[in-house]
Amino acid sequence: MQETNTVVPTVSNLSPESLQALVSVAQVLTSILDGDALLQKVLEIALETVNAETGFIVLTGKEDNELNVRVSHNLATSEVDDPLQPSRRIVSQSLEERKAVLVHDARTDPRFEGSESVVMHQITSAIAVPLILQDDPVGVVYVDSRGDRGKFTDENKDFFNAFTAFATLAYQNAVRFDQLQDEKAYLQTEVEKAYGFTEIVGVHPAMNEVFLLMRKILHSDITVLLQGESGTGKELVARALHYNGPRREKPFVAQFCGNLSETLLESELFGHVRGAFTGAVSDKKGLFEIADGGTFFLDEIADISPTIQSKLLRILQDGIIRRVGGTDSKTVDVRIVSASNKNLETEVEEGRFRDDLYYRLNVISVRMPSLRERRSDIPLLIKHFLAKSSHKQGEIEKKLLPEAMRRLEDYDWPGNVRELENAIERAVVLSGDNPTITADDLILPQDASSGRKTLRDYEKEIVTKTLDELEGNKTRTAEVLGVSLRWLHYRLNEWKKLEQ
Ligand SMILES: Nc1ncnc2c1ncn2[C@@H]1O[C@H](COP(=O)(O)OP(=O)(O)O)[C@@H](O)[C@H]1O
Ligand SMILES: [Mg+2]
């Protein structure tokens, strides 16, 4: 085995002082998270170590033999960039050999022969050390000593080797950190866009009231209770409050609390320690810990058990949590937004929900209007969802024929906006290549309850229509409808049998 391209340096030759220096270098380097600042520091340390005054760091580029000067000290740019300079020659040598190159005495070294640098700048010694990352040379640190400064020694070289190994790891760390920061910033803007106020559609006075209240509570930490039927936009509001408020950079965590077993919900919310119950094979962080600093959205809060109710109360009172089976307490700072489609006041009156918890949750209450109460918003919502689904499929936006529009405006909407959104998405698919959506493309479950048609009838209708549009291509039909090919074959057979 050759030892040239390993990143583990030999430190056995180093003096105690050098080892000590190495430890402080490692500490400094791992604390710098900005790539350029880090390289600056690396060069500084390199110069100090060998008492040199001139040096630079180059990084390899995408092209073969491409070298980019990232930082330099006391060197004219022309000198650093000139490939004929001896400095460049030994830089290349260290890259090729993947090891440190030491020129002890430049005046007698053949690599410096006839060089103007030696004459003009009186270079006495030089050293070039490759930065090697996972077997790949990614750059070189170069320093030289000039005038009557001392000559470099073999110990200098050993130190350099060890020190650049740290430097390379620290640099990789900094670059990754930087990438993650960029990525995070990008995702942050994406999420903020997706959960902006503009994504909540409605101009009806009942919605204006919601917006007005939201703006008032946006910048506070106040606990909010969202009440309203299912599909009225409670979660949408919870997210908008988070992503437009001061906690936007911290996590938004949502937990559905309806019909979950008590043990499961408890361990989700508060975490558990290893061995707390059968199956708790390791410690687990609870969602309250994960949401620390951010917002916790507790959905369908009416359904939680008395035990969890009392634990929640404790958090709301003093922010203290304790993992299931654990003894340590921890304080968390979490804004709580909860939601329920049941009337919580009734739940309290009927003894199913603690009144003290209700008062804590209901500091501010926002009531989401049902879609029936704001029918005048239906055309606007349709427009919004048409744009959304054509955007998803990369198509031009479809239009709704007047009869279809009328049908949607007259419909009762038990499932509210969610149901409307689904109906539009379905209609966009069912209308196929037509630029318009007709009343026939709309499938509204109410028709089923009128006794004329069953859900099975609708299933058949959708499948047949899709199959027709896709010219009998079953694989595509299954894909478009989100079912398995097996399911499709099974149904088609079933229907055929019934027809016979
Ligand atoms: N006012 C609205 N504007 C646009 N989309 C909405 C609106 N209200 C609800 N939606 C959409 O309807 C669906 C259900 O909303 P959600 O917030 O989950 O309702 P809830 O939590 O009250 O059940 C989501 O896809 C959401 O984007
Ligand atoms: Mg919901």
# chains A, B, ... in the order shown; residues from 1 in each chain; ligands from 1
>>> residues_near_ligand(ligand="ligand 2", cutoff="8 Å", atoms="only C-alpha atoms and all ligand atoms", output="number ranges by chain")
A: 230-235, 299-300, 339
>>> closest_atom_pairs(of="chain A", to="ligand 1", cutoff="9 Å", atoms="only C-alpha atoms and all ligand atoms", output="Markdown table")
| residue | atom | partner | partner_atom_place_in_ligand_line | distance |
| --- | --- | --- | --- | --- |
| A:Thr198 | CA | ligand 1 | 3 (N) | 8.4 |
| A:Glu199 | CA | ligand 1 | 4 (C) | 5.7 |
| A:Ile200 | CA | ligand 1 | 3 (N) | 3.8 |
| A:Val201 | CA | ligand 1 | 3 (N) | 3.7 |
| A:Gly202 | CA | ligand 1 | 1 (N) | 5.6 |
| A:Met207 | CA | ligand 1 | 1 (N) | 7.8 |
| A:Leu226 | CA | ligand 1 | 22 (O) | 8.4 |
| A:Gln227 | CA | ligand 1 | 22 (O) | 8.0 |
| A:Gly228 | CA | ligand 1 | 22 (O) | 6.4 |
| A:Glu229 | CA | ligand 1 | 22 (O) | 6.2 |
| A:Ser230 | CA | ligand 1 | 23 (O) | 4.0 |
| A:Gly231 | CA | ligand 1 | 23 (O) | 3.5 |
| A:Thr232 | CA | ligand 1 | 22 (O) | 4.0 |
| A:Gly233 | CA | ligand 1 | 17 (O) | 3.1 |
| A:Lys234 | CA | ligand 1 | 22 (O) | 3.7 |
| A:Glu235 | CA | ligand 1 | 17 (O) | 3.6 |
| A:Leu236 | CA | ligand 1 | 17 (O) | 4.0 |
| A:Val237 | CA | ligand 1 | 17 (O) | 6.7 |
| A:Ala238 | CA | ligand 1 | 17 (O) | 8.0 |
| A:Arg239 | CA | ligand 1 | 17 (O) | 8.6 |
| A:Asp299 | CA | ligand 1 | 21 (O) | 7.5 |
| A:Glu300 | CA | ligand 1 | 21 (O) | 8.8 |
| A:Ala339 | CA | ligand 1 | 21 (O) | 7.5 |
| A:Ser340 | CA | ligand 1 | 22 (O) | 8.2 |
| A:Asn341 | CA | ligand 1 | 22 (O) | 7.5 |
| A:Met368 | CA | ligand 1 | 22 (O) | 7.6 |
| A:Leu371 | CA | ligand 1 | 8 (N) | 8.8 |
| A:Asp377 | CA | ligand 1 | 1 (N) | 8.9 |
| A:Leu381 | CA | ligand 1 | 4 (C) | 6.4 |
| A:His384 | CA | ligand 1 | 4 (C) | 7.2 |
| A:Phe385 | CA | ligand 1 | 4 (C) | 7.8 |
| A:Gly415 | CA | ligand 1 | 23 (O) | 8.7 |
| A:Asn416 | CA | ligand 1 | 12 (O) | 7.6 |
| A:Val417 | CA | ligand 1 | 12 (O) | 4.6 |
| A:Arg418 | CA | ligand 1 | 12 (O) | 3.7 |
| A:Glu419 | CA | ligand 1 | 12 (O) | 7.4 |
| A:Leu420 | CA | ligand 1 | 12 (O) | 7.8 |
| A:Glu421 | CA | ligand 1 | 12 (O) | 6.3 |
| A:Asn422 | CA | ligand 1 | 25 (O) | 8.5 |
>>> write_last_selection(atoms="C-alpha atoms", output="tab-separated table (two decimals), in the first residue's frame")
chain	number	residue	atom	x	y	z
A	198	THR	CA	-52.67	34.65	-1.39
A	199	GLU	CA	-53.12	30.89	-1.42
A	200	ILE	CA	-56.15	31.28	0.81
A	201	VAL	CA	-58.86	32.24	-1.62
A	202	GLY	CA	-61.98	34.15	-0.69
A	207	MET	CA	-63.44	35.25	4.82
A	226	LEU	CA	-59.44	27.06	14.58
A	227	GLN	CA	-63.00	25.81	14.39
A	228	GLY	CA	-64.97	24.86	11.33
A	229	GLU	CA	-66.19	21.93	9.30
A	230	SER	CA	-63.79	19.57	7.66
A	231	GLY	CA	-62.21	20.95	4.47
A	232	THR	CA	-62.77	24.61	5.26
A	233	GLY	CA	-59.08	25.51	5.29
A	234	LYS	CA	-58.13	25.21	8.96
A	235	GLU	CA	-54.76	23.66	8.24
A	236	LEU	CA	-54.15	26.18	5.48
A	237	VAL	CA	-54.67	29.00	7.97
A	238	ALA	CA	-52.43	27.34	10.56
A	239	ARG	CA	-49.60	27.10	8.02
A	299	ASP	CA	-55.46	18.78	14.33
A	300	GLU	CA	-58.75	17.25	15.55
A	339	ALA	CA	-58.16	22.76	15.22
A	340	SER	CA	-61.40	20.89	15.57
A	341	ASN	CA	-64.43	20.27	13.42
A	368	MET	CA	-63.79	29.07	9.34
A	371	LEU	CA	-68.48	26.82	1.69
A	377	ASP	CA	-66.56	32.61	-3.55
A	381	LEU	CA	-62.09	29.05	-5.93
A	384	HIS	CA	-57.84	28.99	-8.43
A	385	PHE	CA	-58.06	25.20	-8.62
A	415	GLY	CA	-66.96	18.40	2.21
A	416	ASN	CA	-66.39	22.12	1.66
A	417	VAL	CA	-63.35	23.46	-0.20
A	418	ARG	CA	-61.54	20.13	-0.15
A	419	GLU	CA	-64.45	18.52	-1.94
A	420	LEU	CA	-64.62	21.33	-4.48
A	421	GLU	CA	-60.90	21.02	-5.13
A	422	ASN	CA	-61.25	17.25	-5.70
>>> select_by_dssp(residues="stretch 252-310 of chain A", states="helix (DSSP H, G or I)", output="list in words")
Glu262, Thr263, Leu264, Leu265, Glu266, Ser267, Glu268, Leu269, Phe270, Leu287, Phe288, Glu289, Ile290, Ile301, Ala302, Asp303, Pro306, Thr307, Ile308, Gln309 and Ser310 of chain A
>>> write_last_selection(atoms="C-alpha atoms", output="PDB file, in the first residue's frame")
ATOM      1  CA  GLU A 262     -53.502   6.924  23.343  1.00  0.00           C
ATOM      2  CA  THR A 263     -50.092   5.260  23.649  1.00  0.00           C
ATOM      3  CA  LEU A 264     -49.184   6.025  20.085  1.00  0.00           C
ATOM      4  CA  LEU A 265     -50.262   9.656  20.227  1.00  0.00           C
ATOM      5  CA  GLU A 266     -48.570  10.156  23.571  1.00  0.00           C
ATOM      6  CA  SER A 267     -45.253   8.873  22.314  1.00  0.00           C
ATOM      7  CA  GLU A 268     -45.578  10.900  19.090  1.00  0.00           C
ATOM      8  CA  LEU A 269     -46.196  14.095  21.007  1.00  0.00           C
ATOM      9  CA  PHE A 270     -43.813  13.723  23.916  1.00  0.00           C
ATOM     10  CA  LEU A 287     -42.868  16.266  18.219  1.00  0.00           C
ATOM     11  CA  PHE A 288     -42.991  18.986  20.864  1.00  0.00           C
ATOM     12  CA  GLU A 289     -39.197  18.865  21.035  1.00  0.00           C
ATOM     13  CA  ILE A 290     -38.955  18.924  17.261  1.00  0.00           C
ATOM     14  CA  ILE A 301     -57.922  18.118  19.108  1.00  0.00           C
ATOM     15  CA  ALA A 302     -61.406  17.234  20.415  1.00  0.00           C
ATOM     16  CA  ASP A 303     -60.573  13.541  20.241  1.00  0.00           C
ATOM     17  CA  PRO A 306     -58.038  12.705  29.371  1.00  0.00           C
ATOM     18  CA  THR A 307     -54.403  11.705  30.048  1.00  0.00           C
ATOM     19  CA  ILE A 308     -53.147  13.563  27.030  1.00  0.00           C
ATOM     20  CA  GLN A 309     -55.411  16.463  27.830  1.00  0.00           C
ATOM     21  CA  SER A 310     -53.736  16.905  31.191  1.00  0.00           C
TER      22      SER A 310
END
>>> residues_around(residues="A:Ile127", least_positions_apart="4", cutoff="12 Å", atoms="only C-alpha atoms", output="MDAnalysis selection string")
chainID A and resid 46:47 49:50 52 54:57 86:94 99:106 123 140:145 151:161
>>> closest_residue(among="A:Val429, A:Leu357, A:Ser370, A:Asp440", to="A:Ser390", atoms="only C-alpha atoms")
A:Val429
>>> residues_around(residues="stretch 314-319 of chain A", least_positions_apart="3", cutoff="9 Å", atoms="only C-alpha atoms", output="list in words")
Thr223, Gln309, Ser310, Lys311, Lys330, Thr331, Val332, Asp333, Val334, Ile336, Leu357, Arg360 and Leu361 of chain A
>>> write_last_selection(atoms="C-alpha atoms", output="PDB file, in the first residue's frame")
ATOM      1  CA  THR A 223     -52.557  30.320  21.145  1.00  0.00           C
ATOM      2  CA  GLN A 309     -55.411  16.463  27.830  1.00  0.00           C
ATOM      3  CA  SER A 310     -53.736  16.905  31.191  1.00  0.00           C
ATOM      4  CA  LYS A 311     -50.250  16.613  29.706  1.00  0.00           C
ATOM      5  CA  LYS A 330     -37.339  19.845  29.293  1.00  0.00           C
ATOM      6  CA  THR A 331     -38.728  23.273  28.543  1.00  0.00           C
ATOM      7  CA  VAL A 332     -39.871  24.002  25.032  1.00  0.00           C
ATOM      8  CA  ASP A 333     -41.020  27.175  23.338  1.00  0.00           C
ATOM      9  CA  VAL A 334     -43.822  26.233  20.990  1.00  0.00           C
ATOM     10  CA  ILE A 336     -49.799  26.080  19.618  1.00  0.00           C
ATOM     11  CA  LEU A 357     -57.557  23.094  28.656  1.00  0.00           C
ATOM     12  CA  ARG A 360     -55.938  27.680  27.307  1.00  0.00           C
ATOM     13  CA  LEU A 361     -56.383  26.587  23.709  1.00  0.00           C
TER      14      LEU A 361
END
>>> residues_around(residues="stretch 393-398 of chain A", least_positions_apart="2", cutoff="9 Å", atoms="only C-alpha atoms", output="PDB file with C-alpha atoms, in the first residue's frame")
ATOM      1  CA  LYS A 383     -60.538  29.535 -11.047  1.00  0.00           C
ATOM      2  CA  LEU A 386     -58.216  25.143 -12.411  1.00  0.00           C
ATOM      3  CA  ALA A 387     -55.032  27.167 -12.511  1.00  0.00           C
ATOM      4  CA  LYS A 388     -53.473  24.906  -9.896  1.00  0.00           C
ATOM      5  CA  SER A 389     -54.299  21.641 -11.658  1.00  0.00           C
ATOM      6  CA  SER A 390     -53.363  22.839 -15.139  1.00  0.00           C
ATOM      7  CA  HIS A 391     -50.129  24.099 -13.635  1.00  0.00           C
ATOM      8  CA  LEU A 400     -66.051  25.773 -17.109  1.00  0.00           C
ATOM      9  CA  VAL A 428     -59.944  18.258 -15.448  1.00  0.00           C
ATOM     10  CA  ASN A 434     -61.449  19.311 -24.273  1.00  0.00           C
ATOM     11  CA  PRO A 435     -60.561  22.870 -23.346  1.00  0.00           C
ATOM     12  CA  THR A 436     -63.887  23.142 -21.508  1.00  0.00           C
ATOM     13  CA  ILE A 437     -65.445  21.320 -18.604  1.00  0.00           C
TER      14      ILE A 437
END
>>> closest_residue(among="A:Glu494, A:Asp81, A:Glu373, A:Glu66", to="A:Arg456", atoms="only C-alpha atoms")
A:Glu494
>>> closest_residue(among="A:His272, A:Tyr243, A:Asp136, A:Ser115", to="A:Lys193", atoms="only C-alpha atoms")
A:Tyr243
>>> select_by_dssp(residues="stretch 216-328 of chain A", states="strand (DSSP E or B)", output="list in words")
Val224, Leu225, Leu226, Gln227, Phe252, Val253, Ala254, Gln255, Phe256, Gly271, His272, Lys284, Lys285, Thr295, Phe296, Phe297, Leu298, Asp299, Ile320, Ile321, Arg322 and Val324 of chain A
>>> write_last_selection(atoms="N, CA and C atoms", output="PDB file, in the first residue's frame")
ATOM      1  N   VAL A 224     -53.981  29.745  19.295  1.00  0.00           N
ATOM      2  CA  VAL A 224     -55.138  29.933  18.423  1.00  0.00           C
ATOM      3  C   VAL A 224     -55.932  28.636  18.285  1.00  0.00           C
ATOM      4  N   LEU A 225     -57.232  28.748  18.359  1.00  0.00           N
ATOM      5  CA  LEU A 225     -58.098  27.597  18.093  1.00  0.00           C
ATOM      6  C   LEU A 225     -58.889  27.845  16.805  1.00  0.00           C
ATOM      7  N   LEU A 226     -58.734  26.927  15.856  1.00  0.00           N
ATOM      8  CA  LEU A 226     -59.439  27.062  14.581  1.00  0.00           C
ATOM      9  C   LEU A 226     -60.632  26.121  14.587  1.00  0.00           C
ATOM     10  N   GLN A 227     -61.812  26.665  14.412  1.00  0.00           N
ATOM     11  CA  GLN A 227     -62.996  25.807  14.392  1.00  0.00           C
ATOM     12  C   GLN A 227     -63.699  25.919  13.047  1.00  0.00           C
ATOM     13  N   PHE A 252     -42.559  23.913  11.430  1.00  0.00           N
ATOM     14  CA  PHE A 252     -44.015  23.812  11.566  1.00  0.00           C
ATOM     15  C   PHE A 252     -44.291  22.317  11.654  1.00  0.00           C
ATOM     16  N   VAL A 253     -44.885  21.896  12.749  1.00  0.00           N
ATOM     17  CA  VAL A 253     -45.157  20.475  12.925  1.00  0.00           C
ATOM     18  C   VAL A 253     -46.658  20.281  13.068  1.00  0.00           C
ATOM     19  N   ALA A 254     -47.197  19.330  12.321  1.00  0.00           N
ATOM     20  CA  ALA A 254     -48.633  19.072  12.409  1.00  0.00           C
ATOM     21  C   ALA A 254     -48.866  17.647  12.880  1.00  0.00           C
ATOM     22  N   GLN A 255     -49.802  17.483  13.779  1.00  0.00           N
ATOM     23  CA  GLN A 255     -50.144  16.139  14.219  1.00  0.00           C
ATOM     24  C   GLN A 255     -51.656  15.969  14.225  1.00  0.00           C
ATOM     25  N   PHE A 256     -52.101  14.929  13.547  1.00  0.00           N
ATOM     26  CA  PHE A 256     -53.517  14.586  13.542  1.00  0.00           C
ATOM     27  C   PHE A 256     -53.809  13.804  14.816  1.00  0.00           C
ATOM     28  N   GLY A 271     -42.521  11.934  22.895  1.00  0.00           N
ATOM     29  CA  GLY A 271     -41.347  11.080  22.778  1.00  0.00           C
ATOM     30  C   GLY A 271     -41.353  10.037  23.867  1.00  0.00           C
ATOM     31  N   HIS A 272     -40.380   9.145  23.838  1.00  0.00           N
ATOM     32  CA  HIS A 272     -40.288   8.164  24.912  1.00  0.00           C
ATOM     33  C   HIS A 272     -38.832   7.792  25.142  1.00  0.00           C
ATOM     34  N   LYS A 284     -36.763   8.182  21.787  1.00  0.00           N
ATOM     35  CA  LYS A 284     -37.349   8.868  20.648  1.00  0.00           C
ATOM     36  C   LYS A 284     -37.763  10.285  21.035  1.00  0.00           C
ATOM     37  N   LYS A 285     -37.385  11.212  20.182  1.00  0.00           N
ATOM     38  CA  LYS A 285     -37.731  12.612  20.394  1.00  0.00           C
ATOM     39  C   LYS A 285     -39.207  12.816  20.105  1.00  0.00           C
ATOM     40  N   THR A 295     -44.001  26.249  15.484  1.00  0.00           N
ATOM     41  CA  THR A 295     -45.442  26.154  15.700  1.00  0.00           C
ATOM     42  C   THR A 295     -45.864  24.698  15.674  1.00  0.00           C
ATOM     43  N   PHE A 296     -46.747  24.349  16.600  1.00  0.00           N
ATOM     44  CA  PHE A 296     -47.284  22.990  16.604  1.00  0.00           C
ATOM     45  C   PHE A 296     -48.767  23.061  16.268  1.00  0.00           C
ATOM     46  N   PHE A 297     -49.149  22.377  15.195  1.00  0.00           N
ATOM     47  CA  PHE A 297     -50.553  22.349  14.789  1.00  0.00           C
ATOM     48  C   PHE A 297     -51.172  21.030  15.245  1.00  0.00           C
ATOM     49  N   LEU A 298     -52.082  21.122  16.184  1.00  0.00           N
ATOM     50  CA  LEU A 298     -52.757  19.927  16.700  1.00  0.00           C
ATOM     51  C   LEU A 298     -54.128  19.837  16.047  1.00  0.00           C
ATOM     52  N   ASP A 299     -54.237  18.886  15.117  1.00  0.00           N
ATOM     53  CA  ASP A 299     -55.455  18.775  14.325  1.00  0.00           C
ATOM     54  C   ASP A 299     -56.420  17.776  14.978  1.00  0.00           C
ATOM     55  N   ILE A 320     -43.349  22.761  29.888  1.00  0.00           N
ATOM     56  CA  ILE A 320     -42.501  21.639  30.292  1.00  0.00           C
ATOM     57  C   ILE A 320     -42.995  20.323  29.692  1.00  0.00           C
ATOM     58  N   ILE A 321     -42.060  19.568  29.124  1.00  0.00           N
ATOM     59  CA  ILE A 321     -42.429  18.249  28.620  1.00  0.00           C
ATOM     60  C   ILE A 321     -41.542  17.185  29.252  1.00  0.00           C
ATOM     61  N   ARG A 322     -42.073  15.980  29.259  1.00  0.00           N
ATOM     62  CA  ARG A 322     -41.296  14.843  29.748  1.00  0.00           C
ATOM     63  C   ARG A 322     -41.615  13.658  28.858  1.00  0.00           C
ATOM     64  N   VAL A 324     -42.236   9.912  27.598  1.00  0.00           N
ATOM     65  CA  VAL A 324     -42.917   8.779  28.219  1.00  0.00           C
ATOM     66  C   VAL A 324     -41.865   7.839  28.816  1.00  0.00           C
TER      67      VAL A 324
END
>>> atom_distance(atom1="atom CA of A:Lys216", atom2="atom CA of A:Asn343")
23.6 Å
>>> closest_residue(among="A:Gln181, A:Ala162, A:Pro414, A:Gly114", to="A:Asp34", atoms="only C-alpha atoms")
A:Gln181
>>> closest_residue(among="A:Leu467, A:Val337, A:Ile364, A:Leu133", to="A:Gly294", atoms="only C-alpha atoms")
A:Val337
>>> closest_residue(among="A:Arg146, A:His242, A:Lys392, A:His219", to="A:Tyr195", atoms="only C-alpha atoms")
A:His242
>>> residues_around(residues="A:Leu169", least_positions_apart="5", cutoff="10 Å", atoms="only C-alpha atoms", output="list in words")
Val7, Ala26, Leu29, Thr30, Leu131, Ile132, Leu133, Gln134, Thr164, Ala174 and Val175 of chain A
>>> write_last_selection(atoms="C-alpha atoms", output="PDB file, in the first residue's frame")
ATOM      1  CA  VAL A   7      -5.596  11.637   4.449  1.00  0.00           C
ATOM      2  CA  ALA A  26      -8.139  21.900  14.267  1.00  0.00           C
ATOM      3  CA  LEU A  29     -10.733  25.401  11.441  1.00  0.00           C
ATOM      4  CA  THR A  30     -13.771  23.413  12.460  1.00  0.00           C
ATOM      5  CA  LEU A 131      -5.514  19.139  -0.286  1.00  0.00           C
ATOM      6  CA  ILE A 132      -6.855  15.640  -0.766  1.00  0.00           C
ATOM      7  CA  LEU A 133     -10.481  14.815  -0.302  1.00  0.00           C
ATOM      8  CA  GLN A 134     -11.605  11.209  -0.597  1.00  0.00           C
ATOM      9  CA  THR A 164      -3.829  20.324   5.558  1.00  0.00           C
ATOM     10  CA  ALA A 174     -17.851  24.563   5.103  1.00  0.00           C
ATOM     11  CA  VAL A 175     -18.808  23.945   1.484  1.00  0.00           C
TER      12      VAL A 175
END
>>> atom_distance(atom1="atom CA of A:Ala439", atom2="atom CA of A:Arg407")
7.1 Å
